[in-house]
Amino acid sequence: MAKRKAAAAAGAGAVVQQPEKQLKVDAAPDIAAAKQKRAFRNKEKVLVLGTRGITYRSRHLMSDFISLLPHSKKDVKLDTKSDRGVINEVAEEKGCSSVLFFEARKRQDLYMWMAKSPDGPTVKFLVQNVHTMDELKLTGNHLKGSRPVLSFDASFDAQPHTQLLKEQLAQVFGTPRGQHRCKPFFDHVLSFSLVDGCVWMRNYQVVMPLDKKKADPSNVTLVEVGPRAALRPIRIFEGSFGGRVLYDNPEYVAPNLIRRLQKQQAAGKYKSKVRRARPRSHSCAVEQLCLET
């Protein structure tokens, strides 16, 4: 009888302890869910806008950038060119933390301001060698809204200002995970290469063989999609669209100065041609007058 009572007591104790273990197991998912709620969520949004007088090629480049950035928001053309502080107010109304502002001058030159709103920093680029998707007509084609793989050249880590460029480009062109308009997979690569003081931008589609179900780096090929652009950094400002100058490119030459030198060179060729075409009698008469005087 004593043994039976001890066994019954042991069984009763096991029944009492079982709910406590069950409660501990049930509490584990709640802790994991709470940690996920406290985890950082990237809510990066990019405002893309331009100025009045922008050319058709620059407008198509803006459209290509908007298609590459599913986390972007488009706004109407900006009337003013001097007071750029208005852009920070527009970005605040749209809920954007970054800005891509395309500024056209003389319907020839295109400048791109890449800024973090409202505190900065800001990078001013001269956009050169622009080729849009419609112009290139390449065979590559990736899904619109998919997340890109960002590829940076190793030379970005050489100097402090290039490290800042790399970080700013990564924040602007990197699509946040879980963004409601993006697709949850990667099928294209955005490449940024630093060559001759310019940031060369290329967009490639990741093509997998049809007989392979899993991605293998040895079998994957890259097909260019577009657009193409060369971004030459001019200045880096501490604030948003202004402030203290952190970096000034000493190798930058303004397009107006290049055009002026080309005109002077052409004018010099014309003057030398006119001098050679003068008749010999006229030149001899001028030399004789000079000798007499």
# chains A, B, ... in the order shown; residues from 1 in each chain; ligands from 1
>>> select_by_dssp(residues="range 174-237 of chain A", states="strand (DSSP E or B)", output="number ranges by chain")
A: 183-195, 198-207, 221-224, 228-237
>>> residues_around(residues="Ser98 in chain A", least_positions_apart="3", cutoff="6 Å", atoms="only C-alpha atoms", output="PyMOL selection string")
chain A and resi 46+115-117
>>> write_last_selection(atoms="C-alpha atoms", output="CSV table (one decimal), in the first residue's frame")
chain,number,residue,atom,x,y,z
A,46,VAL,CA,13.6,58.9,-52.4
A,115,ALA,CA,21.0,64.8,-50.8
A,116,LYS,CA,19.9,63.4,-47.4
A,117,SER,CA,17.0,65.5,-46.2
>>> select_by_dssp(residues="range 78-282 of chain A", states="helix (DSSP H, G or I)", output="number ranges by chain")
A: 85-94, 133-136, 154-157, 160-173, 255-276, 280-282
>>> residues_around(residues="range 103-107 of chain A", least_positions_apart="2", cutoff="7 Å", atoms="only C-alpha atoms", output="JSON, numbers by chain")
{"A": [50, 51, 53, 54, 55, 101, 109, 110, 111, 112]}
>>> atom_distance(atom1="CA of Phe152 in chain A", atom2="CA of Lys166 in chain A")
7.5 Å
>>> residues_around(residues="range 198-214 of chain A", least_positions_apart="3", cutoff="9 Å", atoms="only C-alpha atoms", output="short mmCIF file (atom, residue, chain, number, x, y, z; two decimals) with C-alpha atoms, in the first residue's frame")
data_model
loop_
_atom_site.label_atom_id
_atom_site.label_comp_id
_atom_site.auth_asym_id
_atom_site.auth_seq_id
_atom_site.Cartn_x
_atom_site.Cartn_y
_atom_site.Cartn_z
CA GLY A 140 18.43 42.59 -71.08
CA ASN A 141 15.12 42.84 -69.25
CA HIS A 142 14.51 42.40 -65.53
CA PHE A 186 17.08 39.87 -56.70
CA ASP A 187 17.32 39.63 -60.48
CA HIS A 188 19.55 42.56 -61.50
CA VAL A 189 22.84 44.18 -60.50
CA LEU A 190 23.58 47.90 -60.23
CA SER A 191 27.29 48.43 -60.83
CA PHE A 192 29.18 51.58 -59.75
CA SER A 193 32.79 51.93 -60.95
CA LEU A 194 35.15 54.81 -60.12
CA VAL A 195 37.27 55.51 -63.23
CA ASN A 219 26.65 29.50 -64.35
CA VAL A 220 25.03 32.93 -63.99
CA THR A 221 25.54 35.47 -66.80
CA LEU A 222 24.97 39.24 -66.84
CA VAL A 223 23.12 41.03 -69.66
CA GLU A 224 23.10 44.83 -69.71
CA VAL A 225 19.73 46.55 -69.47
CA GLY A 226 20.47 50.27 -69.08
CA PRO A 227 20.50 53.17 -68.47
CA ARG A 228 24.10 54.35 -68.69
CA ALA A 229 25.46 57.48 -67.06
CA ALA A 230 28.75 58.95 -65.82
CA LEU A 231 28.49 61.01 -62.64
CA ARG A 232 31.37 63.43 -62.08
CA PRO A 233 31.42 64.72 -58.47
#
>>> residues_around(residues="Met114 in chain A", least_positions_apart="2", cutoff="12 Å", atoms="only C-alpha atoms", output="count of residues only")
43
>>> closest_residue(among="A:Arg181, A:Arg41, A:Arg147, A:Arg52", to="Lys73 in chain A", atoms="only C-alpha atoms")
A:Arg181
>>> atom_distance(atom1="CA of Gly197 in chain A", atom2="CA of Thr162 in chain A")
9.9 Å
>>> decode(residues="range 146-165 of chain A", atoms="N, CA, C and O atoms", output="PDB file, in the first residue's frame")
ATOM      1  N   SER A 146      11.996  44.836 -58.649  1.00  0.00           N
ATOM      2  CA  SER A 146      12.816  43.864 -57.922  1.00  0.00           C
ATOM      3  C   SER A 146      13.982  44.583 -57.246  1.00  0.00           C
ATOM      4  O   SER A 146      14.407  45.665 -57.664  1.00  0.00           O
ATOM      5  N   ARG A 147      14.512  43.956 -56.207  1.00  0.00           N
ATOM      6  CA  ARG A 147      15.599  44.554 -55.445  1.00  0.00           C
ATOM      7  C   ARG A 147      16.924  44.331 -56.174  1.00  0.00           C
ATOM      8  O   ARG A 147      17.192  43.254 -56.677  1.00  0.00           O
ATOM      9  N   PRO A 148      17.799  45.355 -56.226  1.00  0.00           N
ATOM     10  CA  PRO A 148      19.080  45.195 -56.934  1.00  0.00           C
ATOM     11  C   PRO A 148      20.192  44.729 -55.993  1.00  0.00           C
ATOM     12  O   PRO A 148      20.161  44.966 -54.786  1.00  0.00           O
ATOM     13  N   VAL A 149      21.177  44.091 -56.582  1.00  0.00           N
ATOM     14  CA  VAL A 149      22.439  43.808 -55.899  1.00  0.00           C
ATOM     15  C   VAL A 149      23.397  44.942 -56.248  1.00  0.00           C
ATOM     16  O   VAL A 149      23.691  45.171 -57.426  1.00  0.00           O
ATOM     17  N   LEU A 150      23.873  45.677 -55.244  1.00  0.00           N
ATOM     18  CA  LEU A 150      24.756  46.819 -55.477  1.00  0.00           C
ATOM     19  C   LEU A 150      26.197  46.354 -55.502  1.00  0.00           C
ATOM     20  O   LEU A 150      26.676  45.706 -54.555  1.00  0.00           O
ATOM     21  N   SER A 151      26.888  46.683 -56.594  1.00  0.00           N
ATOM     22  CA  SER A 151      28.286  46.302 -56.777  1.00  0.00           C
ATOM     23  C   SER A 151      29.122  47.575 -56.873  1.00  0.00           C
ATOM     24  O   SER A 151      28.871  48.430 -57.737  1.00  0.00           O
ATOM     25  N   PHE A 152      30.133  47.697 -55.981  1.00  0.00           N
ATOM     26  CA  PHE A 152      30.995  48.874 -55.947  1.00  0.00           C
ATOM     27  C   PHE A 152      32.439  48.474 -56.237  1.00  0.00           C
ATOM     28  O   PHE A 152      32.895  47.400 -55.812  1.00  0.00           O
ATOM     29  N   ASP A 153      33.119  49.355 -56.935  1.00  0.00           N
ATOM     30  CA  ASP A 153      34.529  49.141 -57.234  1.00  0.00           C
ATOM     31  C   ASP A 153      35.351  49.247 -55.947  1.00  0.00           C
ATOM     32  O   ASP A 153      34.990  49.970 -55.013  1.00  0.00           O
ATOM     33  N   ALA A 154      36.486  48.537 -55.908  1.00  0.00           N
ATOM     34  CA  ALA A 154      37.341  48.560 -54.716  1.00  0.00           C
ATOM     35  C   ALA A 154      37.971  49.926 -54.493  1.00  0.00           C
ATOM     36  O   ALA A 154      38.358  50.257 -53.363  1.00  0.00           O
ATOM     37  N   SER A 155      38.063  50.758 -55.537  1.00  0.00           N
ATOM     38  CA  SER A 155      38.673  52.082 -55.387  1.00  0.00           C
ATOM     39  C   SER A 155      37.811  53.045 -54.583  1.00  0.00           C
ATOM     40  O   SER A 155      38.291  54.130 -54.214  1.00  0.00           O
ATOM     41  N   PHE A 156      36.562  52.703 -54.292  1.00  0.00           N
ATOM     42  CA  PHE A 156      35.727  53.571 -53.460  1.00  0.00           C
ATOM     43  C   PHE A 156      36.247  53.650 -52.025  1.00  0.00           C
ATOM     44  O   PHE A 156      35.956  54.611 -51.309  1.00  0.00           O
ATOM     45  N   ASP A 157      36.997  52.633 -51.570  1.00  0.00           N
ATOM     46  CA  ASP A 157      37.499  52.613 -50.199  1.00  0.00           C
ATOM     47  C   ASP A 157      38.849  53.287 -50.050  1.00  0.00           C
ATOM     48  O   ASP A 157      39.445  53.242 -48.965  1.00  0.00           O
ATOM     49  N   ALA A 158      39.337  53.935 -51.096  1.00  0.00           N
ATOM     50  CA  ALA A 158      40.686  54.503 -51.054  1.00  0.00           C
ATOM     51  C   ALA A 158      40.740  55.826 -50.305  1.00  0.00           C
ATOM     52  O   ALA A 158      41.676  56.070 -49.544  1.00  0.00           O
ATOM     53  N   GLN A 159      39.743  56.696 -50.469  1.00  0.00           N
ATOM     54  CA  GLN A 159      39.783  58.037 -49.890  1.00  0.00           C
ATOM     55  C   GLN A 159      38.501  58.304 -49.112  1.00  0.00           C
ATOM     56  O   GLN A 159      37.470  57.661 -49.349  1.00  0.00           O
ATOM     57  N   PRO A 160      38.530  59.275 -48.190  1.00  0.00           N
ATOM     58  CA  PRO A 160      37.332  59.544 -47.366  1.00  0.00           C
ATOM     59  C   PRO A 160      36.131  60.018 -48.176  1.00  0.00           C
ATOM     60  O   PRO A 160      34.999  59.607 -47.907  1.00  0.00           O
ATOM     61  N   HIS A 161      36.349  60.894 -49.172  1.00  0.00           N
ATOM     62  CA  HIS A 161      35.201  61.405 -49.916  1.00  0.00           C
ATOM     63  C   HIS A 161      34.578  60.322 -50.805  1.00  0.00           C
ATOM     64  O   HIS A 161      33.365  60.321 -51.032  1.00  0.00           O
ATOM     65  N   THR A 162      35.390  59.373 -51.296  1.00  0.00           N
ATOM     66  CA  THR A 162      34.821  58.273 -52.075  1.00  0.00           C
ATOM     67  C   THR A 162      34.065  57.290 -51.175  1.00  0.00           C
ATOM     68  O   THR A 162      33.081  56.680 -51.610  1.00  0.00           O
ATOM     69  N   GLN A 163      34.505  57.130 -49.930  1.00  0.00           N
ATOM     70  CA  GLN A 163      33.743  56.311 -48.983  1.00  0.00           C
ATOM     71  C   GLN A 163      32.378  56.927 -48.701  1.00  0.00           C
ATOM     72  O   GLN A 163      31.371  56.217 -48.589  1.00  0.00           O
ATOM     73  N   LEU A 164      32.344  58.263 -48.601  1.00  0.00           N
ATOM     74  CA  LEU A 164      31.064  58.949 -48.414  1.00  0.00           C
ATOM     75  C   LEU A 164      30.168  58.776 -49.634  1.00  0.00           C
ATOM     76  O   LEU A 164      28.954  58.561 -49.504  1.00  0.00           O
ATOM     77  N   LEU A 165      30.754  58.848 -50.839  1.00  0.00           N
ATOM     78  CA  LEU A 165      29.981  58.618 -52.061  1.00  0.00           C
ATOM     79  C   LEU A 165      29.390  57.212 -52.077  1.00  0.00           C
ATOM     80  O   LEU A 165      28.218  57.020 -52.435  1.00  0.00           O
TER      81      LEU A 165
END
